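Participant: The following block contains the structure, expressed as structure tokens.
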Number of protein chains: 4
Amino acid sequence: MIVITKEKATPQEIQHIKDRIESYDCQIHESAGETHLIFGVIGDVRRIDTGQLERMAGVDRVVRIMRPYKLAGRDFHPQDTLIQVGQVTIGGPKLTVMAGPCAVESQEQIIEVAQKVKASGANILRGGAFKPRTSPYSFQGLKEEGLIFLAEAREKTGLPIITEVVDVASLPLVADYADILQVGARNAQNFTLLKAIGELEIPVLIKRGMMSTIEELLMSAEYVLSKGNQNVILCERGIRTFEKYTRNTFDLSAIPLLKQLSHLPVIADPSHGTGLWELVSPTTLGAVAAGADGLIVEVHPDPEIAVSDGRQSLKPNRFGDLMQALKPVAQAVGRQL
Amino acid sequence: MIVITKEKATPQEIQHIKDRIESYDCQIHESAGETHLIFGVIGDVRRIDTGQLERMAGVDRVVRIMRPYKLAGRDFHPQDTLIQVGQVTIGGPKLTVMAGPCAVESQEQIIEVAQKVKASGANILRGGAFKPRTSPYSFQGLKEEGLIFLAEAREKTGLPIITEVVDVASLPLVADYADILQVGARNAQNFTLLKAIGELEIPVLIKRGMMSTIEELLMSAEYVLSKGNQNVILCERGIRTFEKYTRNTFDLSAIPLLKQLSHLPVIADPSHGTGLWELVSPTTLGAVAAGADGLIVEVHPDPEIAVSDGRQSLKPNRFGDLMQALKPVAQAVGRQL
Amino acid sequence: MIVITKEKATPQEIQHIKDRIESYDCQIHESAGETHLIFGVIGDVRRIDTGQLERMAGVDRVVRIMRPYKLAGRDFHPQDTLIQVGQVTIGGPKLTVMAGPCAVESQEQIIEVAQKVKASGANILRGGAFKPRTSPYSFQGLKEEGLIFLAEAREKTGLPIITEVVDVASLPLVADYADILQVGARNAQNFTLLKAIGELEIPVLIKRGMMSTIEELLMSAEYVLSKGNQNVILCERGIRTFEKYTRNTFDLSAIPLLKQLSHLPVIADPSHGTGLWELVSPTTLGAVAAGADGLIVEVHPDPEIAVSDGRQSLKPNRFGDLMQALKPVAQAVGRQL
Amino acid sequence: MIVITKEKATPQEIQHIKDRIESYDCQIHESAGETHLIFGVIGDVRRIDTGQLERMAGVDRVVRIMRPYKLAGRDFHPQDTLIQVGQVTIGGPKLTVMAGPCAVESQEQIIEVAQKVKASGANILRGGAFKPRTSPYSFQGLKEEGLIFLAEAREKTGLPIITEVVDVASLPLVADYADILQVGARNAQNFTLLKAIGELEIPVLIKRGMMSTIEELLMSAEYVLSKGNQNVILCERGIRTFEKYTRNTFDLSAIPLLKQLSHLPVIADPSHGTGLWELVSPTTLGAVAAGADGLIVEVHPDPEIAVSDGRQSLKPNRFGDLMQALKPVAQAVGRQL
């Protein structure tokens, strides 16, 4: 950590700053510029709130040198984390393909989709039983019934299931059925939920919030990791910007950047990332070419009557086409489907 | 709701669209443009998911006419909602001033602040006992001990207290102590929490999420209102943008816009809205001049050692200066302090 | 300037970095942290491109200490700049009120507006003769004819005129008629235009680009100032964000922040800042309460038939109401109308 | 165009609205909803300013049905535009690779880069002679000398050259040397410049502005096309968002969306799109997999001493590696290098 003093800092202010730094059991390396003093702060600076120091009279700026995440970062964990879910290894050379409807709507629907996406090459089934919706008047999910249908689809197809958990109260129930938990974009900074998931061992996919920085996404992962659960998967699903033609702006470079900064697997969500089914296929190809470890994509047997997200869902045959198109791209970057 | 067909929609597609609309028990008023058909959809369109219709072959676009919020809007509730908290009426001609530290740190600290902000004219005490923090390594609040200290400060000063609730599990405890609940920006779309608060009668202040549109903030209010709790207060606290000098961008025009669209009281948070204590005072004056019903502002006896948000907290004497400066501005727009 | 080395920088890399810094005739104050070296760079660092240093092997980060603007900043120019335009002093205790239509449409229109806004208390007339429009099919302004009409309105009312200049080719013509030049948001980083205006002495109002940071706005001012023209006025007119109800997001705290960082006058544009006439009045009151030195507002005798920006233009009588409402707010913050 | 009236519109207001629409020689198809009237407007609506209509008493909203661009859109020009530059066809199955330094710095530098990027497979040389810089104190380009060096590099290698034009004054000079003009992000809405380029026949690459919507980028293209110059190339180069780790956010889905909406070639700029050389290679692979017709990438023989953009420039050998990695990805999506 570096503390830069103001040009007009008084000797008293400077002494006060030094005393404060030393009160944290840190040492100071002082360096005098022409107009500013620069204090290098040595020691365990993790406990220092930069806002406090910046608030002191005489302080111009405080610069953190260390990244605030430790467990999620590559520095102390250089090798890639691989997460095993049944037969599927997430984070290895073989791409993980999670596919299925936004919401579980009926037993028939989820089983039909499960069979079709499996036939096309998906290796994990997605489907929401608990749905966080912007409007209280929208369909909120089949809840436990939806979980039961998912479990039946798993039984019929052998596909592990990923499903969203929206709060601590339903966490035990959801964790009982799911193979992978999904934390949605609106819960990306629901720290209570993240801490509770951290107490479990079940894998969790954390979606980037609509306005989460990459650093904040890694800090959300840090919440889970710091409680003991090491099975964290990161997911880029688009961020909110001024652009209006697409629902979100898919941040392509977040994928290689997360791979560089972190050892955790990175999954792309081209459905929410664009909001338009016509863009799902090219966005998927792009994400995999840029280094994604897999994708999570919405597939619905009849998107026109989907209870949610129909606009961005693929029909099963188009999903099949996507998988065909994806194969050579995956190979081109040294991955398999 | 209006459905606009594509220029090249086939007769079959058009018939399919009409059948779908009618399956919702809605009627169609058809109008032919030169290149497009326009269907006015009449009936209870609230149940129709626009995404579904937009996904249909032959549909170009779907336009909602009605605002998606009903209880939060002024159309069916033209008069201002007034919320009574002890002696304080929120939403009336007298401004509500909520002041206090970001976090409750000790009994002495909160009592000292309470007495000082009361002396300067604040009528509600703020202070966080449960703190949602980006880093798991940061101070997370004194929890119940903090609530007890807040209650003691209330007893000593007579000021009602507002404090943040971060999850459903701690809601009964927090509601037991608080006069007003605060839902933070990161929980603005924690629908589980909003629904649980909706079951109570206690007033709740909902902060706009850093990524929430004005419409989404009103939909969050709708969650609480639709469950029965009518005591909802809206709060503009800045949104996230590309600007780097300030922590957030305080969206001034959100205040008059919320007052026009909704009957609920609107409070400004200049502390989070700017992130810099130097900007708190002018931003407060601006927010009140633009029509805010009050403010929530961070005051700390010694911001340099505040465990959080020291950079944006006012010292008590500066808060006193702000209250002095605010008085004539309030009068200039027909409000009292 | 501070250079922070990477944790794993080799001795060769470190020597290479030092040589590079010294090649700029700068000195190095070295300070060793536990994992990083920190180099304070002393000397004329303005010539060093931080991107170059950051690109060097072994460099983790480069931190600039000095603000990149010098002439626009308060450090070397602590007193407020006052700009005299005829009888009007911009930047002093009396607020500057620039009002008029978005575009000059006819002789009658501009004279009518000029007389009405003057009667209500405006002291400068605005009106566009050259209009930058998103669509090539939209009205592009009356050009020289519009300037002639503006000059006639000035003659009839005594109000100085401000009008937009869109390129270097038309600059001599526009400067011939105008009392103040206006550089629009889309030209806020048209450096060729800014340099050309810098060669003149005529006052210029620079609007913040919809994508400009506060620092970039000050750098745009620096372009004009560094060429010799000291008569620069800054203008906050809203930035582009994700919010959809308003055309732009008016960044209230930019006003006090610009006043703190710079000695230049700061004008608020509530018309473009919101895009909705219903919000112009409260936004104006807020901007003045927060410290704006004046405003620039669109007034049209019949906004429904305005050739541009009708949605955000006030009718003359509403402008009159605004001026009445503004008077006590101005007084409350020590300003006059 | 559709006009939706307010719920409480009076008969007089409604008549007034109808009269206005008819004054544009347009016809009205009226449709009554339960609470609103809906007017379908038939005729040449391109001349109607939606802001004017929205400003009328009784109007709730105006919805445009037609896209505002016509020449840039696919509707009337379904086949892809191919642009011939010497031996290079931009927009066809063979990818266009534009490579070279941000700025031309010397004769040796540009010739060295030209030879190296050609050897690796680039088919167009990029290099800036006129540089728009945020700071007036930064290097502004070698100007005509830079153009001469570029021409020499073209002579030595046979590579056509693309170089930036920053204003109308230097346009004839730049057009004299360049094979393709480049309009930078800051000039994406410099309509004077776009119109002047529209009068020529030389190909032009228009970069998306940092805060331009996709629609605005297409409208900028429309300016050039509507003046007669049909040789327009679009370029996605990242947009400005809240994310801080990268210089811009590369909007991947803009590429397939532009290809769907428009017949013009679409080029990706991964250098500005990310700002970090480490991310250039994966971002390039992603952009090509998603359908880009080519790329424009910064390559410098010694990025550490580049006068600008060193942080995002590739070394020639890394560019060679990128071209090797790109080849199989291009083939996987049916393109050639």
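Residue numbering restarts at 1 in every chain; chains get A, B, ... in the order shown in the structure tokens, and ligands count up from 1 in that same order.
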Could you make a table, as a Markdown table, of the residues of chain C that have an atom within 10 Å of an atom of chain B, each with its nearest atom pair and distance in Å to one decimal, counting only C-alpha atoms, in chain and number order?
Facilitator:
| residue | atom | partner | partner_atom | distance |
| --- | --- | --- | --- | --- |
| C:Met211 | CA | B:Phe242 | CA | 7.9 |
| C:Ser212 | CA | B:Glu243 | CA | 8.0 |
| C:Thr213 | CA | B:Glu243 | CA | 5.3 |
| C:Ile214 | CA | B:Glu243 | CA | 7.2 |
| C:Glu215 | CA | B:Tyr245 | CA | 8.1 |
| C:Gly238 | CA | B:Asp251 | CA | 9.4 |
| C:Ile239 | CA | B:Thr241 | CA | 8.8 |
| C:Arg240 | CA | B:Thr241 | CA | 8.4 |
| C:Thr241 | CA | B:Thr241 | CA | 6.3 |
| C:Phe242 | CA | B:Thr213 | CA | 7.3 |
| C:Glu243 | CA | B:Thr213 | CA | 5.3 |
| C:Lys244 | CA | B:Thr213 | CA | 7.3 |
| C:Tyr245 | CA | B:Ile214 | CA | 7.4 |
| C:Thr246 | CA | B:Ser253 | CA | 8.2 |
| C:Asn248 | CA | B:Ser253 | CA | 9.6 |
| C:Thr249 | CA | B:Asp251 | CA | 6.0 |
| C:Phe250 | CA | B:Asp251 | CA | 6.0 |
| C:Asp251 | CA | B:Thr249 | CA | 6.0 |
| C:Leu252 | CA | B:Leu252 | CA | 5.9 |
| C:Ser253 | CA | B:Thr283 | CA | 6.0 |
| C:Ala254 | CA | B:Thr249 | CA | 8.6 |
| C:Ile255 | CA | B:Pro282 | CA | 8.8 |
| C:Pro256 | CA | B:Leu279 | CA | 6.6 |
| C:Leu257 | CA | B:Leu279 | CA | 7.0 |
| C:Gln260 | CA | B:Glu278 | CA | 9.1 |
| C:Pro270 | CA | B:Ser253 | CA | 9.1 |
| C:Gly273 | CA | B:Ser253 | CA | 8.5 |
| C:Thr274 | CA | B:Ser253 | CA | 6.8 |
| C:Leu276 | CA | B:Leu257 | CA | 9.8 |
| C:Glu278 | CA | B:Leu257 | CA | 8.5 |
| C:Leu279 | CA | B:Ser253 | CA | 6.5 |
| C:Val280 | CA | B:Ser253 | CA | 8.6 |
| C:Ser281 | CA | B:Ala290 | CA | 8.1 |
| C:Pro282 | CA | B:Ala290 | CA | 4.3 |
| C:Thr283 | CA | B:Ala290 | CA | 5.8 |
| C:Thr284 | CA | B:Ala290 | CA | 7.8 |
| C:Leu285 | CA | B:Ala289 | CA | 5.4 |
| C:Gly286 | CA | B:Gly286 | CA | 3.7 |
| C:Ala287 | CA | B:Gly286 | CA | 5.8 |
| C:Val288 | CA | B:Gly286 | CA | 7.2 |
| C:Ala289 | CA | B:Gly286 | CA | 4.9 |
| C:Ala290 | CA | B:Pro282 | CA | 4.3 |
| C:Gly291 | CA | B:Pro282 | CA | 6.8 |
| C:Ala325 | CA | B:Val333 | CA | 7.7 |
| C:Leu326 | CA | B:Ala332 | CA | 8.4 |
| C:Lys327 | CA | B:Ala332 | CA | 8.3 |
| C:Pro328 | CA | B:Ala332 | CA | 5.0 |
| C:Val329 | CA | B:Ala332 | CA | 5.2 |
| C:Ala330 | CA | B:Val329 | CA | 8.5 |
| C:Gln331 | CA | B:Pro328 | CA | 8.3 |
| C:Ala332 | CA | B:Pro328 | CA | 5.0 |
| C:Val333 | CA | B:Val329 | CA | 7.2 |
Participant: What's around segment 222-226 of chain D at 6 Å? Count only C-alpha atoms, leave out sequence neighbours fewer than 2 positions away in its own chain, and write the answer as a list of chain:residue names.
Facilitator: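 Once the nearby chain positions are removed, what remains is C:Pro136, D:Ala72, D:Leu194, D:Lys195, D:Gly198, D:Met219, D:Ser220, D:Gly228, D:Asn229, D:Gln230.
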Participant: Could you write out the selected residues, including C-alpha atoms, as a JSON list (two decimals), in the first residue's frame?
Facilitator:
[["chain", "number", "residue", "atom", "x", "y", "z"],
["C", 136, "PRO", "CA", -28.35, 13.07, -42.00],
["D", 72, "ALA", "CA", -26.71, 1.19, -44.16],
["D", 194, "LEU", "CA", -18.30, 12.36, -42.25],
["D", 195, "LYS", "CA", -20.07, 14.46, -44.84],
["D", 198, "GLY", "CA", -18.98, 11.10, -48.16],
["D", 219, "MET", "CA", -26.29, 6.50, -38.57],
["D", 220, "SER", "CA", -22.67, 7.70, -38.84],
["D", 228, "GLY", "CA", -22.47, 9.02, -52.26],
["D", 229, "ASN", "CA", -19.46, 7.18, -50.87],
["D", 230, "GLN", "CA", -20.51, 3.52, -50.63]]
Participant: As an MDAnalysis selection string, please: every residue in segment 35-186 of chain C that a backbone DSSP assignment puts in helix (DSSP H, G or I).
Facilitator: chainID C and resid 45:47 50:55 107:120 144:157 171:177 185:186
Participant: Can you list, as a PyMOL selection string, every residue of segment 139-299 of chain B that DSSP puts in strand (DSSP E)?
Facilitator: chain B and resi 161-164+180-183+204-207+232-236+266-268+294-298
Participant: Might you pull out every residue within 6 Å of Ile161 of chain A, with only C-alpha atoms counted and same-chain residues fewer than 2 positions away left off, and present them as a list in words?
Facilitator: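 My list of contacting residues is Ile124, Leu125, Arg126, Ala178 and Asp179 of chain A.
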Participant: For C-alpha atoms, I'd like the residues from the last selection saved as a tab-separated table (two decimals), in the first residue's frame.
Facilitator:
chain	number	residue	atom	x	y	z
A	124	ILE	CA	-25.26	-30.86	-17.79
A	125	LEU	CA	-28.95	-29.94	-17.59
A	126	ARG	CA	-29.97	-26.45	-16.51
A	178	ALA	CA	-28.86	-29.98	-7.33
A	179	ASP	CA	-25.47	-31.15	-8.53
Participant: Counting only C-alpha atoms, what is within 9 Å of Ser313 of chain C, bar same-chain residues fewer than 5 positions away, as an NGL selection string?
Facilitator: (:C and (100-102 or 271 or 275-277 or 280 or 297-300 or 302-303 or 306)) or (:D and (55))
Participant: Give me the residues within 7 Å of Gly141 of chain C as a list in words, counting only C-alpha atoms and dropping any in the same chain fewer than 6 places off.
Facilitator: Ala103, Gly128, Ala129, Phe130 and Lys131 of chain C
Participant: Residues at most 6 Å from segment 4-8 of chain A, counting only C-alpha atoms, excluding those fewer than 4 positions away in the same chain, as a VMD selection string?
Facilitator: chain A and resid 35 to 38 58 to 61
Participant: Put those residues in a file: N, CA, C and O atoms, as a tab-separated table (two decimals), in the first residue's frame.
Facilitator:
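File written: selection-v7.tsv
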chain	number	residue	atom	x	y	z
A	35	THR	N	6.97	17.55	-4.70
A	35	THR	CA	5.84	18.23	-4.09
A	35	THR	C	5.08	17.34	-3.11
A	35	THR	O	4.25	17.83	-2.36
A	36	HIS	N	5.37	16.07	-3.12
A	36	HIS	CA	4.60	15.14	-2.30
A	36	HIS	C	5.55	14.24	-1.53
A	36	HIS	O	6.66	13.98	-1.98
A	37	LEU	N	5.10	13.72	-0.40
A	37	LEU	CA	5.79	12.61	0.25
A	37	LEU	C	5.07	11.33	-0.15
A	37	LEU	O	3.85	11.31	-0.31
A	38	ILE	N	5.85	10.28	-0.28
A	38	ILE	CA	5.28	8.99	-0.62
A	38	ILE	C	5.67	7.99	0.46
A	38	ILE	O	6.85	7.81	0.74
A	58	GLY	N	-4.24	15.89	4.98
A	58	GLY	CA	-2.88	15.77	4.47
A	58	GLY	C	-2.67	14.61	3.53
A	58	GLY	O	-1.63	14.52	2.88
A	59	VAL	N	-3.67	13.73	3.41
A	59	VAL	CA	-3.52	12.59	2.49
A	59	VAL	C	-4.15	12.93	1.15
A	59	VAL	O	-5.28	13.42	1.09
A	60	ASP	N	-3.40	12.71	0.08
A	60	ASP	CA	-3.93	12.95	-1.26
A	60	ASP	C	-4.59	11.69	-1.81
A	60	ASP	O	-5.70	11.72	-2.30
A	61	ARG	N	-3.89	10.59	-1.71
A	61	ARG	CA	-4.40	9.36	-2.27
A	61	ARG	C	-3.75	8.15	-1.63
A	61	ARG	O	-2.64	8.24	-1.12
Participant: Can you work out which one of C:Leu150, C:Ile2, C:Val41, C:Ala169 has the shortest atom-to-atom distance to Arg64 of chain C, counting only C-alpha atoms?
Facilitator: C:Ile2
Participant: Excluding Asp75 of chain D and its own-chain neighbours fewer than 4 positions away, which residues fall within 9 Å of it when counting only C-alpha atoms? Please give them as number ranges by chain.
Facilitator: D: 70-71, 261-262
Participant: Write out, as an mmCIF file, in the first residue's frame, the residues just selected, with C-alpha atoms.
Facilitator:
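So the final result, stored in again.cif, reads:
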data_model
loop_
_atom_site.group_PDB
_atom_site.id
_atom_site.type_symbol
_atom_site.label_atom_id
_atom_site.label_comp_id
_atom_site.auth_asym_id
_atom_site.auth_seq_id
_atom_site.Cartn_x
_atom_site.Cartn_y
_atom_site.Cartn_z
ATOM 1 C CA LYS D 70 -31.859 3.042 -44.731
ATOM 2 C CA LEU D 71 -28.718 2.940 -46.849
ATOM 3 C CA LEU D 261 -28.567 -5.306 -39.525
ATOM 4 C CA SER D 262 -26.176 -4.054 -42.190
#
